[in-house]
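Q: Hey, dropping start-v6.pdb in here, PDB, C-alpha atoms, pLDDT in the B column:
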MODEL        1
ATOM      1  CA  MET T 297      -5.426  13.761  -5.454  1.00 92.00           C
ATOM      2  CA  ARG T 298      -3.503  10.556  -5.979  1.00 95.00           C
ATOM      3  CA  VAL T 299      -4.188   7.906  -3.363  1.00 96.00           C
ATOM      4  CA  TYR T 300      -2.478   4.564  -2.847  1.00 97.00           C
ATOM      5  CA  VAL T 301      -4.673   1.640  -1.824  1.00 97.00           C
ATOM      6  CA  PRO T 302      -2.862  -1.271  -0.135  1.00 97.00           C
ATOM      7  CA  LEU T 303      -3.947  -4.776  -1.122  1.00 97.00           C
ATOM      8  CA  THR T 304      -2.744  -8.342  -1.417  1.00 97.00           C
ATOM      9  CA  LEU T 305      -2.915 -10.400  -4.611  1.00 97.00           C
ATOM     10  CA  PRO T 306      -6.173 -12.066  -3.428  1.00 97.00           C
ATOM     11  CA  GLY T 307      -7.519  -8.581  -2.649  1.00 96.00           C
ATOM     12  CA  LEU T 308      -6.537  -7.433  -6.134  1.00 97.00           C
ATOM     13  CA  ALA T 309      -8.326 -10.492  -7.582  1.00 96.00           C
ATOM     14  CA  GLU T 310     -11.491  -9.558  -5.655  1.00 96.00           C
ATOM     15  CA  ALA T 311     -11.264  -5.946  -6.842  1.00 96.00           C
ATOM     16  CA  HIS T 312     -10.705  -7.086 -10.419  1.00 96.00           C
ATOM     17  CA  LYS T 313     -13.735  -9.390 -10.262  1.00 96.00           C
ATOM     18  CA  ALA T 314     -15.919  -6.665  -8.709  1.00 95.00           C
ATOM     19  CA  GLY T 315     -14.537  -3.957 -10.992  1.00 95.00           C
ATOM     20  CA  GLU T 316     -13.913  -1.662  -8.041  1.00 95.00           C
ATOM     21  CA  LEU T 317     -11.892  -1.008  -4.929  1.00 95.00           C
ATOM     22  CA  GLY T 318     -14.326  -1.183  -2.071  1.00 88.00           C
ATOM     23  CA  PRO T 319     -16.718  -1.395  -0.400  1.00 88.00           C
ATOM     24  CA  ALA T 320     -16.509   1.909   1.421  1.00 85.00           C
ATOM     25  CA  PRO T 321     -14.831   3.047   3.484  1.00 90.00           C
ATOM     26  CA  VAL T 322     -11.616   2.354   1.581  1.00 93.00           C
ATOM     27  CA  ARG T 323      -8.341   2.875   3.461  1.00 93.00           C
ATOM     28  CA  ALA T 324      -5.604   4.463   1.385  1.00 95.00           C
ATOM     29  CA  TYR T 325      -2.523   6.663   1.709  1.00 95.00           C
ATOM     30  CA  ALA T 326      -1.866  10.065   0.171  1.00 94.00           C
ATOM     31  CA  VAL T 327       0.145  13.232   0.547  1.00 92.00           C
ATOM     32  CA  THR T 328      -1.597  14.670   3.595  1.00 89.00           C
ATOM     33  CA  PRO T 329      -0.584  17.703   5.665  1.00 84.00           C
ATOM     34  CA  GLY T 330       0.715  15.297   8.324  1.00 82.00           C
ATOM     35  CA  LEU T 331       2.858  13.433   5.785  1.00 84.00           C
ATOM     36  CA  ARG T 332       4.249  16.734   4.484  1.00 83.00           C
ATOM     37  CA  GLU T 333       5.152  17.793   8.019  1.00 81.00           C
ATOM     38  CA  TRP T 334       6.765  14.437   8.829  1.00 80.00           C
ATOM     39  CA  TYR T 335       8.693  14.125   5.540  1.00 80.00           C
ATOM     40  CA  VAL T 336       9.787  17.782   5.479  1.00 76.00           C
ATOM     41  CA  SER T 337       9.894  18.147   1.702  1.00 75.00           C
ATOM     42  CA  ASP T 338       8.146  20.244  -0.889  1.00 78.00           C
ATOM     43  CA  ASP T 339       9.035  17.860  -3.725  1.00 86.00           C
ATOM     44  CA  ILE T 340       5.707  16.286  -4.736  1.00 88.00           C
ATOM     45  CA  GLU T 341       7.396  13.248  -6.308  1.00 90.00           C
ATOM     46  CA  GLU T 342       9.244  12.502  -3.060  1.00 91.00           C
ATOM     47  CA  LEU T 343       6.047  12.986  -1.072  1.00 93.00           C
ATOM     48  CA  GLU T 344       4.056  10.690  -3.354  1.00 93.00           C
ATOM     49  CA  TYR T 345       6.811   8.074  -3.090  1.00 94.00           C
ATOM     50  CA  ALA T 346       6.535   8.366   0.713  1.00 92.00           C
ATOM     51  CA  ALA T 347       2.755   7.824   0.472  1.00 94.00           C
ATOM     52  CA  LEU T 348       3.299   4.813  -1.819  1.00 96.00           C
ATOM     53  CA  SER T 349       5.802   3.436   0.712  1.00 94.00           C
ATOM     54  CA  ARG T 350       3.267   3.859   3.522  1.00 94.00           C
ATOM     55  CA  ALA T 351       0.737   1.883   1.441  1.00 96.00           C
ATOM     56  CA  ALA T 352       3.343  -0.820   0.754  1.00 96.00           C
ATOM     57  CA  ALA T 353       3.916  -1.101   4.515  1.00 95.00           C
ATOM     58  CA  ALA T 354       0.143  -1.452   5.011  1.00 95.00           C
ATOM     59  CA  SER T 355       0.096  -4.178   2.356  1.00 97.00           C
ATOM     60  CA  LEU T 356       2.828  -5.995   4.296  1.00 97.00           C
ATOM     61  CA  ARG T 357       0.609  -5.849   7.403  1.00 95.00           C
ATOM     62  CA  MET T 358      -2.223  -7.375   5.360  1.00 96.00           C
ATOM     63  CA  LEU T 359       0.113 -10.178   4.306  1.00 97.00           C
ATOM     64  CA  ALA T 360       1.059 -10.788   7.937  1.00 96.00           C
ATOM     65  CA  GLU T 361      -2.663 -11.310   8.661  1.00 96.00           C
ATOM     66  CA  ASP T 362      -3.267 -13.619   5.659  1.00 96.00           C
ATOM     67  CA  ALA T 363      -0.847 -16.555   5.651  1.00 93.00           C
ATOM     68  CA  ALA T 364      -2.434 -17.956   2.472  1.00 95.00           C
ATOM     69  CA  ALA T 365      -1.769 -14.852   0.345  1.00 96.00           C
ATOM     70  CA  PRO T 366       1.236 -14.898  -1.989  1.00 96.00           C
ATOM     71  CA  ARG T 367       4.077 -12.946  -0.395  1.00 97.00           C
ATOM     72  CA  ARG T 368       3.984  -9.945  -2.717  1.00 97.00           C
ATOM     73  CA  ARG T 369       2.923  -6.451  -1.654  1.00 98.00           C
ATOM     74  CA  VAL T 370       0.298  -4.792  -3.862  1.00 98.00           C
ATOM     75  CA  VAL T 371      -0.639  -1.107  -4.080  1.00 98.00           C
ATOM     76  CA  VAL T 372      -3.168   0.410  -6.488  1.00 98.00           C
ATOM     77  CA  ALA T 373      -2.663   4.090  -7.379  1.00 97.00           C
ATOM     78  CA  VAL T 374      -5.887   5.975  -8.090  1.00 96.00           C
ATOM     79  CA  ASP T 375      -6.658   9.633  -8.762  1.00 93.00           C
ATOM     80  CA  VAL T 376      -9.733  10.858  -6.875  1.00 92.00           C
ATOM     81  CA  GLU T 377     -11.355  14.213  -6.216  1.00 89.00           C
ATOM     82  CA  ASP T 378      -9.860  15.889  -3.148  1.00 87.00           C
ATOM     83  CA  LYS T 379     -13.257  15.864  -1.445  1.00 88.00           C
ATOM     84  CA  ALA T 380     -13.501  12.058  -1.877  1.00 87.00           C
ATOM     85  CA  ALA T 381     -10.663  11.465   0.618  1.00 89.00           C
ATOM     86  CA  SER T 382     -10.533  12.513   4.236  1.00 89.00           C
ATOM     87  CA  ALA T 383      -7.270  12.418   6.162  1.00 86.00           C
ATOM     88  CA  THR T 384      -7.058  10.295   9.279  1.00 78.00           C
ATOM     89  CA  PRO T 385      -6.296  12.670  12.152  1.00 71.00           C
ATOM     90  CA  GLY T 386      -3.049  12.386  14.080  1.00 62.00           C
ATOM     91  CA  LEU T 387       0.642  12.195  13.390  1.00 58.00           C
ATOM     92  CA  ASP T 388       1.370   8.801  14.890  1.00 64.00           C
ATOM     93  CA  GLU T 389       3.250   6.185  12.902  1.00 69.00           C
ATOM     94  CA  ALA T 390       0.142   4.091  12.259  1.00 67.00           C
ATOM     95  CA  THR T 391      -1.950   6.829  10.635  1.00 79.00           C
ATOM     96  CA  LEU T 392       0.662   9.006   8.954  1.00 84.00           C
ATOM     97  CA  GLY T 393      -0.553   9.743   5.405  1.00 90.00           C
ATOM     98  CA  GLN T 394      -3.657   7.596   5.843  1.00 92.00           C
ATOM     99  CA  VAL T 395      -6.904   8.690   4.227  1.00 94.00           C
ATOM    100  CA  THR T 396     -10.363   7.206   3.965  1.00 92.00           C
ATOM    101  CA  LEU T 397     -12.284   7.178   0.701  1.00 93.00           C
ATOM    102  CA  ALA T 398     -16.000   7.726   1.212  1.00 88.00           C
ATOM    103  CA  GLY T 399     -17.035   5.401  -1.590  1.00 90.00           C
ATOM    104  CA  PRO T 400     -15.759   2.613  -3.800  1.00 91.00           C
ATOM    105  CA  VAL T 401     -13.521   3.493  -6.748  1.00 92.00           C
ATOM    106  CA  ARG T 402     -13.803   1.891 -10.170  1.00 92.00           C
ATOM    107  CA  LEU T 403     -10.682  -0.143 -10.833  1.00 92.00           C
ATOM    108  CA  ALA T 404     -10.768   0.846 -14.512  1.00 89.00           C
ATOM    109  CA  VAL T 405      -9.803   4.428 -13.593  1.00 89.00           C
ATOM    110  CA  ALA T 406      -6.736   3.405 -11.575  1.00 94.00           C
ATOM    111  CA  ALA T 407      -3.504   5.040 -12.691  1.00 95.00           C
ATOM    112  CA  ALA T 408      -1.317   2.016 -11.964  1.00 96.00           C
ATOM    113  CA  VAL T 409      -0.818  -1.140  -9.974  1.00 97.00           C
ATOM    114  CA  HIS T 410       2.444  -1.572  -8.048  1.00 98.00           C
ATOM    115  CA  VAL T 411       3.519  -5.120  -7.149  1.00 98.00           C
ATOM    116  CA  ASP T 412       6.653  -6.772  -5.810  1.00 97.00           C
ATOM    117  CA  ALA T 413       8.780  -8.688  -8.292  1.00 95.00           C
ATOM    118  CA  ASP T 414       9.065 -12.452  -7.881  1.00 93.00           C
ATOM    119  CA  ASP T 415      12.564 -12.089  -6.435  1.00 94.00           C
ATOM    120  CA  ALA T 416      11.187 -10.089  -3.488  1.00 96.00           C
ATOM    121  CA  GLU T 417       8.958 -12.921  -2.230  1.00 96.00           C
ATOM    122  CA  ALA T 418      11.475 -14.440   0.213  1.00 96.00           C
ATOM    123  CA  ASP T 419      12.252 -11.074   1.812  1.00 96.00           C
ATOM    124  CA  VAL T 420       8.572 -10.097   1.939  1.00 97.00           C
ATOM    125  CA  ALA T 421       7.681 -13.465   3.512  1.00 97.00           C
ATOM    126  CA  ALA T 422      10.384 -13.010   6.144  1.00 97.00           C
ATOM    127  CA  ALA T 423       9.240  -9.438   6.804  1.00 97.00           C
ATOM    128  CA  ALA T 424       5.600 -10.479   7.221  1.00 97.00           C
ATOM    129  CA  ALA T 425       6.662 -13.180   9.680  1.00 96.00           C
ATOM    130  CA  ALA T 426       8.864 -10.736  11.631  1.00 96.00           C
ATOM    131  CA  LEU T 427       6.384  -7.862  11.767  1.00 94.00           C
ATOM    132  CA  ALA T 428       4.912  -8.607  15.202  1.00 94.00           C
ATOM    133  CA  ALA T 429       8.365  -8.907  16.766  1.00 96.00           C
ATOM    134  CA  ALA T 430       9.492  -5.705  15.035  1.00 95.00           C
ATOM    135  CA  ASP T 431       6.445  -3.897  16.431  1.00 92.00           C
ATOM    136  CA  ALA T 432       7.419  -5.170  19.883  1.00 94.00           C
ATOM    137  CA  GLY T 433      10.850  -3.548  19.564  1.00 94.00           C
ATOM    138  CA  ASP T 434      13.043  -6.428  18.333  1.00 96.00           C
ATOM    139  CA  ASP T 435      15.883  -4.797  16.355  1.00 96.00           C
ATOM    140  CA  ASP T 436      16.709  -7.957  14.388  1.00 96.00           C
ATOM    141  CA  ALA T 437      13.063  -8.270  13.344  1.00 96.00           C
ATOM    142  CA  ARG T 438      13.022  -4.572  12.367  1.00 94.00           C
ATOM    143  CA  PHE T 439      16.058  -5.244  10.157  1.00 95.00           C
ATOM    144  CA  THR T 440      14.163  -8.102   8.504  1.00 96.00           C
ATOM    145  CA  VAL T 441      11.121  -5.887   7.894  1.00 95.00           C
ATOM    146  CA  ASP T 442      13.395  -3.222   6.419  1.00 93.00           C
ATOM    147  CA  GLY T 443      14.701  -5.883   4.013  1.00 91.00           C
ATOM    148  CA  ALA T 444      11.311  -5.972   2.294  1.00 93.00           C
ATOM    149  CA  GLU T 445      11.318  -2.185   2.033  1.00 90.00           C
ATOM    150  CA  ASP T 446      14.577  -2.413   0.077  1.00 91.00           C
ATOM    151  CA  HIS T 447      12.612  -3.907  -2.843  1.00 95.00           C
ATOM    152  CA  GLU T 448      11.051  -1.402  -5.214  1.00 94.00           C
ATOM    153  CA  LEU T 449       7.517  -2.170  -6.318  1.00 97.00           C
ATOM    154  CA  LEU T 450       7.148  -2.669 -10.062  1.00 97.00           C
ATOM    155  CA  TRP T 451       4.699  -0.568 -12.098  1.00 97.00           C
ATOM    156  CA  PHE T 452       1.894  -2.207 -14.089  1.00 97.00           C
ATOM    157  CA  GLY T 453      -0.989  -0.803 -16.082  1.00 95.00           C
ATOM    158  CA  VAL T 454      -4.544  -1.733 -15.090  1.00 93.00           C
ATOM    159  CA  GLN T 455      -4.854  -3.781 -18.288  1.00 94.00           C
ATOM    160  CA  GLU T 456      -2.036  -6.016 -16.960  1.00 95.00           C
ATOM    161  CA  ILE T 457      -3.969  -7.146 -13.862  1.00 95.00           C
ATOM    162  CA  PRO T 458      -5.120 -10.468 -15.411  1.00 94.00           C
ATOM    163  CA  GLY T 459      -1.472 -11.361 -16.045  1.00 93.00           C
ATOM    164  CA  LEU T 460      -0.541 -10.509 -12.466  1.00 93.00           C
ATOM    165  CA  LEU T 461      -3.288 -12.772 -11.175  1.00 93.00           C
ATOM    166  CA  ALA T 462      -2.454 -15.721 -13.480  1.00 87.00           C
TER     167      ALA T 462
ENDMDL
END
Turn this file's structure into structure tokens for me.
A:
Amino acid sequence: MRVYVPLTLPGLAEAHKAGELGPAPVRAYAVTPGLREWYVSDDIEELEYAALSRAAAASLRMLAEDAAAPRRRVVVAVDVEDKAASATPGLDEATLGQVTLAGPVRLAVAAAVHVDADDAEADVAAAAAALAAADAGDDDARFTVDGAEDHELLWFGVQEIPGLLA
């Protein structure tokens, strides 16, 4: 099963230094039965993109909580055994597609790292600042948050992490 672990650049630096994503439990996103039901698609690529998008949204929430972190969303894609991930129950917006990994995962086995491009930083910064208002129902703030979602995350190999952190 492919899971998508949301991080920030400082979180990625910590994982790189430790050599693993953890400690357990590790929150991630994956194609769960709830995500399949919500997305209404049988196309696995579309479903995995939806899970990646859910992780990117979780990364944005992490940025909103850490004003010192660079304003770039980070998601690490990792393949794990199905039994290593347990789906978070419920179909509410907050837990849709969310899974918990029972143990840490070696960063060396990650399939990819997805990170915002430099040109997304202003929109991601604005979205992180607007997140609380968007959650409270402010339509203008929701529009600002959606602006960050318009940016596609770039794909990087695990061997490129030192360059991302430089």
Q: Write out as a PyMOL selection string the residues lying within 9 Å of Pro321 (chain T), counting only C-alpha atoms and excluding same-chain residues fewer than 3 positions away.
A: chain T and resi 318+396-400
Q: Need the shell around region 459-462 of chain T: protein/DNA/RNA residues with any atom at most 12 Å away, counting only C-alpha atoms. Skip same-chain ones fewer than 5 positions apart. Format as a compact mmCIF listing (two decimals) with C-alpha atoms, in the coordinates of the input?
A:
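As written to disk, out.txt reads:
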# COMPACT_ATOMS: atom_id res chain seq x y z
CA THR T 304 -2.74 -8.34 -1.42
CA LEU T 305 -2.92 -10.40 -4.61
CA PRO T 306 -6.17 -12.07 -3.43
CA GLY T 307 -7.52 -8.58 -2.65
CA LEU T 308 -6.54 -7.43 -6.13
CA ALA T 309 -8.33 -10.49 -7.58
CA GLU T 310 -11.49 -9.56 -5.66
CA ALA T 311 -11.26 -5.95 -6.84
CA HIS T 312 -10.70 -7.09 -10.42
CA LYS T 313 -13.74 -9.39 -10.26
CA ALA T 365 -1.77 -14.85 0.34
CA PRO T 366 1.24 -14.90 -1.99
CA ARG T 368 3.98 -9.94 -2.72
CA VAL T 370 0.30 -4.79 -3.86
CA VAL T 409 -0.82 -1.14 -9.97
CA HIS T 410 2.44 -1.57 -8.05
CA VAL T 411 3.52 -5.12 -7.15
CA ASP T 412 6.65 -6.77 -5.81
CA ALA T 413 8.78 -8.69 -8.29
CA ASP T 414 9.06 -12.45 -7.88
CA LEU T 450 7.15 -2.67 -10.06
CA TRP T 451 4.70 -0.57 -12.10
CA PHE T 452 1.89 -2.21 -14.09
CA GLY T 453 -0.99 -0.80 -16.08
CA VAL T 454 -4.54 -1.73 -15.09
Q: Can you work out which one of T:Ala314, T:Met297, T:Leu356, T:Ala373 has the shortest atom-to-atom distance to Ile340 (chain T), counting all atoms listed in the file?
A: T:Met297
Q: Let me make sure I understand: among T:Arg357, T:Val336, T:Gln394, T:Val301, which one has the smallest atom-to-atom distance to Asp431 (chain T) if we use all atoms listed in the file?
A: T:Arg357
Q: Tell me, in Å to one decimal, how far CA of Arg332 (chain T) is from CA of Glu448 (chain T).
A: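 Between these atoms lies a distance of 21.7 Å.
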Q: Once the PyMOL selection byres ((chain T and resi 421) around 12) has been evaluated on this model, what residues remain selected, and can you format them as a PyMOL selection string?
A: chain T and resi 356-369+412+414-420+422-427+440-441+443-445
Q: Would you translate the PyMOL selection byres ((chain T and resi 299) around 7) into the concrete set of residues it matches in this file, as a short mmCIF file (atom, residue, chain, number, x, y, z; two decimals) with C-alpha atoms, in the coordinates of the input?
A:
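Contents of out13.cif, as written:
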data_model
loop_
_atom_site.label_atom_id
_atom_site.label_comp_id
_atom_site.auth_asym_id
_atom_site.auth_seq_id
_atom_site.Cartn_x
_atom_site.Cartn_y
_atom_site.Cartn_z
CA MET T 297 -5.43 13.76 -5.45
CA ARG T 298 -3.50 10.56 -5.98
CA TYR T 300 -2.48 4.56 -2.85
CA VAL T 301 -4.67 1.64 -1.82
CA ALA T 324 -5.60 4.46 1.38
CA TYR T 325 -2.52 6.66 1.71
CA ALA T 326 -1.87 10.06 0.17
CA ALA T 373 -2.66 4.09 -7.38
CA VAL T 374 -5.89 5.98 -8.09
CA ASP T 375 -6.66 9.63 -8.76
#
Q: Specify as a list in words each residue included when the PyMOL selection byres ((chain T and resi 351) around 7) is applied to this file.
A: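 On the file shown, the PyMOL selection byres ((chain T and resi 351) around 7) covers Tyr300, Val301, Pro302, Ala324, Tyr325, Ala347, Leu348, Ser349, Arg350, Ala352, Ala353, Ala354, Ser355 and Val371 of chain T.
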Q: Pick the closest to Val405 (chain T) from T:Leu343, T:Leu449, T:Val372, T:Ala432: which is it, counting only C-alpha atoms?
A: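 The closest residue to Val405 (chain T) is T:Val372.
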Q: With distances taken over all atoms listed in the file, which residue among T:Val401, T:Leu303, T:Ile457, T:Gly330 lies nearest Glu377 (chain T)?
A: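 Among the listed residues, T:Val401 lies closest to Glu377 (chain T).
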Q: Can you measure CA of Ala408 (chain T) to CA of Gln455 (chain T) for me? One decimal in Å is fine.
A: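 Distance between the two atoms: 9.3 Å.
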Q: Nearest to Arg323 (chain T) among T:Ala383, T:Val376, T:Val395, T:Ala346, with distances taken over all atoms listed in the file: which residue is it?
A: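 Residue with the minimum atom-to-atom distance to Arg323 (chain T): T:Val395.
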Q: Using the block above, I'd like region 332-368 of chain T written out, keeping N, CA and C atoms and formatting it as an mmCIF file, in the first residue's frame.
A:
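part-v3.cif, freshly written:
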data_model
loop_
_atom_site.group_PDB
_atom_site.id
_atom_site.type_symbol
_atom_site.label_atom_id
_atom_site.label_comp_id
_atom_site.auth_asym_id
_atom_site.auth_seq_id
_atom_site.Cartn_x
_atom_site.Cartn_y
_atom_site.Cartn_z
ATOM 1 N N ARG T 332 -12.295 5.902 -1.175
ATOM 2 C CA ARG T 332 -12.912 5.361 -2.395
ATOM 3 C C ARG T 332 -14.389 5.752 -2.483
ATOM 4 N N GLU T 333 -15.077 5.624 -1.356
ATOM 5 C CA GLU T 333 -16.507 5.953 -1.318
ATOM 6 C C GLU T 333 -16.734 7.444 -1.568
ATOM 7 N N TRP T 334 -15.902 8.284 -0.967
ATOM 8 C CA TRP T 334 -16.037 9.729 -1.113
ATOM 9 C C TRP T 334 -15.697 10.182 -2.530
ATOM 10 N N TYR T 335 -14.613 9.621 -3.110
ATOM 11 C CA TYR T 335 -14.127 10.066 -4.410
ATOM 12 C C TYR T 335 -14.921 9.463 -5.563
ATOM 13 N N VAL T 336 -15.549 8.344 -5.329
ATOM 14 C CA VAL T 336 -16.388 7.655 -6.320
ATOM 15 C C VAL T 336 -15.620 7.426 -7.627
ATOM 16 N N SER T 337 -14.526 6.710 -7.531
ATOM 17 C CA SER T 337 -13.738 6.365 -8.712
ATOM 18 C C SER T 337 -13.077 5.022 -8.477
ATOM 19 N N ASP T 338 -12.890 4.301 -9.571
ATOM 20 C CA ASP T 338 -12.151 3.043 -9.495
ATOM 21 C C ASP T 338 -10.746 3.195 -10.075
ATOM 22 N N ASP T 339 -10.420 4.388 -10.562
ATOM 23 C CA ASP T 339 -9.114 4.645 -11.148
ATOM 24 C C ASP T 339 -8.091 4.835 -10.023
ATOM 25 N N ILE T 340 -7.174 3.889 -9.869
ATOM 26 C CA ILE T 340 -6.225 3.916 -8.760
ATOM 27 C C ILE T 340 -5.323 5.148 -8.816
ATOM 28 N N GLU T 341 -4.971 5.614 -10.003
ATOM 29 C CA GLU T 341 -4.131 6.811 -10.095
ATOM 30 C C GLU T 341 -4.875 8.038 -9.581
ATOM 31 N N GLU T 342 -6.154 8.167 -9.901
ATOM 32 C CA GLU T 342 -6.952 9.274 -9.390
ATOM 33 C C GLU T 342 -7.095 9.183 -7.878
ATOM 34 N N LEU T 343 -7.307 7.970 -7.376
ATOM 35 C CA LEU T 343 -7.459 7.781 -5.937
ATOM 36 C C LEU T 343 -6.161 8.090 -5.192
ATOM 37 N N GLU T 344 -5.038 7.677 -5.749
ATOM 38 C CA GLU T 344 -3.756 7.975 -5.103
ATOM 39 C C GLU T 344 -3.465 9.476 -5.143
ATOM 40 N N TYR T 345 -3.864 10.135 -6.218
ATOM 41 C CA TYR T 345 -3.699 11.591 -6.296
ATOM 42 C C TYR T 345 -4.560 12.255 -5.220
ATOM 43 N N ALA T 346 -5.765 11.734 -4.996
ATOM 44 C CA ALA T 346 -6.640 12.269 -3.948
ATOM 45 C C ALA T 346 -5.995 12.078 -2.572
ATOM 46 N N ALA T 347 -5.373 10.925 -2.338
ATOM 47 C CA ALA T 347 -4.690 10.685 -1.061
ATOM 48 C C ALA T 347 -3.494 11.627 -0.907
ATOM 49 N N LEU T 348 -2.732 11.824 -1.974
ATOM 50 C CA LEU T 348 -1.611 12.766 -1.954
ATOM 51 C C LEU T 348 -2.119 14.176 -1.648
ATOM 52 N N SER T 349 -3.242 14.556 -2.228
ATOM 53 C CA SER T 349 -3.819 15.879 -1.985
ATOM 54 C C SER T 349 -4.255 16.041 -0.535
ATOM 55 N N ARG T 350 -4.787 14.976 0.049
ATOM 56 C CA ARG T 350 -5.182 15.007 1.462
ATOM 57 C C ARG T 350 -3.936 15.217 2.337
ATOM 58 N N ALA T 351 -2.829 14.546 1.981
ATOM 59 C CA ALA T 351 -1.585 14.718 2.733
ATOM 60 C C ALA T 351 -1.034 16.132 2.553
ATOM 61 N N ALA T 352 -1.154 16.687 1.357
ATOM 62 C CA ALA T 352 -0.699 18.064 1.122
ATOM 63 C C ALA T 352 -1.510 19.038 1.975
ATOM 64 N N ALA T 353 -2.805 18.788 2.111
ATOM 65 C CA ALA T 353 -3.648 19.632 2.963
ATOM 66 C C ALA T 353 -3.222 19.510 4.430
ATOM 67 N N ALA T 354 -2.849 18.306 4.853
ATOM 68 C CA ALA T 354 -2.362 18.102 6.221
ATOM 69 C C ALA T 354 -1.029 18.818 6.429
ATOM 70 N N SER T 355 -0.186 18.822 5.407
ATOM 71 C CA SER T 355 1.081 19.547 5.483
ATOM 72 C C SER T 355 0.816 21.044 5.638
ATOM 73 N N LEU T 356 -0.176 21.559 4.929
ATOM 74 C CA LEU T 356 -0.541 22.970 5.058
ATOM 75 C C LEU T 356 -0.960 23.284 6.495
ATOM 76 N N ARG T 357 -1.707 22.375 7.113
ATOM 77 C CA ARG T 357 -2.112 22.567 8.517
ATOM 78 C C ARG T 357 -0.881 22.589 9.432
ATOM 79 N N MET T 358 0.107 21.761 9.128
ATOM 80 C CA MET T 358 1.344 21.769 9.912
ATOM 81 C C MET T 358 2.060 23.109 9.765
ATOM 82 N N LEU T 359 2.047 23.649 8.551
ATOM 83 C CA LEU T 359 2.668 24.953 8.320
ATOM 84 C C LEU T 359 1.941 26.049 9.089
ATOM 85 N N ALA T 360 0.618 25.951 9.156
ATOM 86 C CA ALA T 360 -0.161 26.946 9.896
ATOM 87 C C ALA T 360 0.211 26.933 11.381
ATOM 88 N N GLU T 361 0.645 25.773 11.883
ATOM 89 C CA GLU T 361 1.020 25.643 13.296
ATOM 90 C C GLU T 361 2.484 26.003 13.554
ATOM 91 N N ASP T 362 3.298 26.106 12.505
ATOM 92 C CA ASP T 362 4.733 26.366 12.660
ATOM 93 C C ASP T 362 5.122 27.570 11.806
ATOM 94 N N ALA T 363 5.023 28.754 12.390
ATOM 95 C CA ALA T 363 5.294 29.992 11.654
ATOM 96 C C ALA T 363 6.738 30.087 11.162
ATOM 97 N N ALA T 364 7.651 29.347 11.788
ATOM 98 C CA ALA T 364 9.062 29.421 11.402
ATOM 99 C C ALA T 364 9.403 28.541 10.203
ATOM 100 N N ALA T 365 8.533 27.592 9.870
ATOM 101 C CA ALA T 365 8.828 26.662 8.769
ATOM 102 C C ALA T 365 8.702 27.369 7.425
ATOM 103 N N PRO T 366 9.606 27.068 6.488
ATOM 104 C CA PRO T 366 9.450 27.605 5.135
ATOM 105 C C PRO T 366 8.077 27.223 4.580
ATOM 106 N N ARG T 367 7.492 28.094 3.821
ATOM 107 C CA ARG T 367 6.114 27.938 3.352
ATOM 108 C C ARG T 367 6.039 27.055 2.109
ATOM 109 N N ARG T 368 6.446 25.818 2.281
ATOM 110 C CA ARG T 368 6.381 24.816 1.210
ATOM 111 C C ARG T 368 5.830 23.530 1.803
#
